[in-house]
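Engineer: Got a file for you: query-v1.pdb, PDB, C-alpha atoms, pLDDT in the B column.
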```
ATOM      1  CA  MET A  38     -16.678   9.639   4.568  1.00 87.00           C
ATOM      2  CA  VAL A  39     -13.324  10.463   6.185  1.00 92.00           C
ATOM      3  CA  ALA A  40     -13.174   7.036   7.858  1.00 90.00           C
ATOM      4  CA  GLU A  41     -13.737   5.352   4.485  1.00 95.00           C
ATOM      5  CA  PHE A  42     -10.917   7.399   2.926  1.00 96.00           C
ATOM      6  CA  GLU A  43      -8.610   6.503   5.819  1.00 96.00           C
ATOM      7  CA  ARG A  44      -9.485   2.809   5.539  1.00 96.00           C
ATOM      8  CA  ARG A  45      -8.804   2.732   1.798  1.00 96.00           C
ATOM      9  CA  TYR A  46      -5.584   4.731   2.223  1.00 97.00           C
ATOM     10  CA  VAL A  47      -4.286   2.353   4.893  1.00 97.00           C
ATOM     11  CA  GLN A  48      -5.256  -0.715   2.846  1.00 95.00           C
ATOM     12  CA  ALA A  49      -3.456   0.625  -0.235  1.00 96.00           C
ATOM     13  CA  LEU A  50      -0.438   1.618   1.848  1.00 96.00           C
ATOM     14  CA  MET A  51      -0.182  -1.840   3.378  1.00 96.00           C
ATOM     15  CA  LEU A  52      -0.557  -3.529  -0.008  1.00 94.00           C
ATOM     16  CA  ARG A  53       2.244  -1.380  -1.475  1.00 95.00           C
ATOM     17  CA  HIS A  54       4.505  -2.416   1.374  1.00 95.00           C
ATOM     18  CA  GLY A  55       3.538  -6.082   1.432  1.00 93.00           C
ATOM     19  CA  GLY A  56       2.172  -5.802   4.956  1.00 93.00           C
ATOM     20  CA  ASN A  57       5.386  -4.283   6.335  1.00 95.00           C
ATOM     21  CA  VAL A  58       4.114  -1.825   8.937  1.00 96.00           C
ATOM     22  CA  SER A  59       7.501  -0.174   9.515  1.00 97.00           C
ATOM     23  CA  SER A  60       7.962   0.563   5.823  1.00 97.00           C
ATOM     24  CA  ALA A  61       4.366   1.772   5.433  1.00 97.00           C
ATOM     25  CA  ALA A  62       4.746   4.025   8.465  1.00 98.00           C
ATOM     26  CA  ARG A  63       7.884   5.612   6.990  1.00 98.00           C
ATOM     27  CA  GLU A  64       6.092   6.386   3.719  1.00 98.00           C
ATOM     28  CA  SER A  65       3.075   7.825   5.508  1.00 97.00           C
ATOM     29  CA  GLY A  66       5.117   9.933   7.912  1.00 98.00           C
ATOM     30  CA  LEU A  67       3.520   8.237  10.916  1.00 98.00           C
ATOM     31  CA  SER A  68       5.207   6.308  13.691  1.00 98.00           C
ATOM     32  CA  ARG A  69       4.586   2.555  13.735  1.00 98.00           C
ATOM     33  CA  ASN A  70       2.457   2.977  16.846  1.00 98.00           C
ATOM     34  CA  ALA A  71       0.372   5.704  15.202  1.00 98.00           C
ATOM     35  CA  LEU A  72      -0.137   3.560  12.097  1.00 98.00           C
ATOM     36  CA  TYR A  73      -1.167   0.571  14.228  1.00 97.00           C
ATOM     37  CA  ALA A  74      -3.648   2.816  16.073  1.00 98.00           C
ATOM     38  CA  LEU A  75      -5.051   4.095  12.767  1.00 97.00           C
ATOM     39  CA  MET A  76      -5.337   0.543  11.449  1.00 97.00           C
ATOM     40  CA  LYS A  77      -7.227  -0.521  14.562  1.00 96.00           C
ATOM     41  CA  ARG A  78      -9.527   2.515  14.378  1.00 96.00           C
ATOM     42  CA  VAL A  79     -10.479   1.950  10.723  1.00 96.00           C
ATOM     43  CA  GLY A  80     -10.645  -1.847  10.991  1.00 94.00           C
ATOM     44  CA  VAL A  81      -7.626  -2.888   8.933  1.00 94.00           C
ATOM     45  CA  ASP A  82      -5.930  -6.086  10.091  1.00 91.00           C
ATOM     46  CA  PRO A  83      -2.111  -5.774   9.831  1.00 85.00           C
ATOM     47  CA  ALA A  84      -1.841  -9.403   8.650  1.00 84.00           C
ATOM     48  CA  GLU A  85      -4.578  -9.088   6.012  1.00 74.00           C
ATOM     49  CA  PRO A  86      -2.680  -7.882   2.892  1.00 56.00           C
ATOM     50  CA  ARG A  87       0.181 -10.383   3.159  1.00 53.00           C
TER      51      ARG A  87
END
```
Once more with this new file: its structure as structure tokens, please.
Structural biologist:
Amino acid sequence: MVAEFERRYVQALMLRHGGNVSSAARESGLSRNALYALMKRVGVDPAEPR
């Protein structure tokens, strides 16, 4: 349940920022590295939403 929320949150975040990880990380309050780690954990490909 939490993993599904995280996956959807990250997908929506990346769509809002056109795949720009730096910009998405700023909005989320995470570092780029932390966002990349979260994306990997929940199975979101950084290149997918572009």
Engineer: Determine the residue membership of the PyMOL selection byres ((chain A and resi 76-86) around 7) for the file above and supply it as a list in words.
Structural biologist: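 So the PyMOL selection byres ((chain A and resi 76-86) around 7) ends up selecting Ala40, Glu43, Arg44, Val47, Gln48, Met51, Leu52, Gly55, Gly56, Leu72, Tyr73, Ala74, Leu75 and Arg87 of chain A.
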Engineer: With 6 Å added on each side, what axis-aligned box encloses every listed atom of range 43-53 of chain A? Give the centre and edge lengths in Å to one decimal, as JSON.
Structural biologist:
```
{"center_x": -3.6, "center_y": 1.5, "center_z": 2.2, "size_x": 23.7, "size_y": 22.0, "size_z": 19.3}
```
Engineer: What does the distance between CA of Asn57 in chain A and CA of Glu41 in chain A come to in Å, to one decimal place?
Structural biologist: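 Distance reported for this atom pair: 21.5 Å.
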Engineer: If I take CA of Ser65 in chain A and CA of Tyr46 in chain A, how far is one from the other in Å, to one decimal?
Structural biologist: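 Value for the CA of Ser65 in chain A-CA of Tyr46 in chain A distance: 9.8 Å.
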Engineer: Grab the CA of Val39 in chain A to CA of Val58 in chain A distance for me, in Å with one decimal place.
Structural biologist: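 Answer for the CA of Val39 in chain A to CA of Val58 in chain A separation: 21.5 Å.
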Engineer: Kindly add N, CA and C atoms to the incomplete range 56-69 of chain A and provide the output as a compact mmCIF listing (two decimals), in the coordinates of the input.
Structural biologist:
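Output file result_30.txt is given in full below:
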```
# COMPACT_ATOMS: atom_id res chain seq x y z
N GLY A 56 2.51 -5.56 3.56
CA GLY A 56 2.17 -5.80 4.96
C GLY A 56 3.23 -5.35 5.94
N ASN A 57 4.31 -4.74 5.46
CA ASN A 57 5.39 -4.28 6.34
C ASN A 57 4.99 -2.95 6.97
N VAL A 58 4.63 -3.01 8.24
CA VAL A 58 4.11 -1.82 8.94
C VAL A 58 5.19 -0.75 9.08
N SER A 59 6.42 -1.16 9.36
CA SER A 59 7.50 -0.17 9.52
C SER A 59 7.72 0.62 8.23
N SER A 60 7.76 -0.09 7.11
CA SER A 60 7.96 0.56 5.82
C SER A 60 6.77 1.46 5.46
N ALA A 61 5.57 0.98 5.71
CA ALA A 61 4.37 1.77 5.43
C ALA A 61 4.33 3.02 6.31
N ALA A 62 4.73 2.88 7.56
CA ALA A 62 4.75 4.03 8.46
C ALA A 62 5.73 5.09 7.98
N ARG A 63 6.90 4.65 7.51
CA ARG A 63 7.88 5.61 6.99
C ARG A 63 7.30 6.40 5.82
N GLU A 64 6.67 5.70 4.88
CA GLU A 64 6.09 6.39 3.72
C GLU A 64 5.00 7.37 4.14
N SER A 65 4.20 6.98 5.11
CA SER A 65 3.08 7.82 5.51
C SER A 65 3.48 8.98 6.42
N GLY A 66 4.68 8.89 6.99
CA GLY A 66 5.12 9.93 7.91
C GLY A 66 4.60 9.73 9.33
N LEU A 67 4.02 8.57 9.58
CA LEU A 67 3.52 8.24 10.92
C LEU A 67 4.51 7.33 11.63
N SER A 68 4.44 7.30 12.95
CA SER A 68 5.21 6.31 13.69
C SER A 68 4.50 4.96 13.52
N ARG A 69 5.22 3.88 13.80
CA ARG A 69 4.59 2.56 13.74
C ARG A 69 3.38 2.49 14.67
```
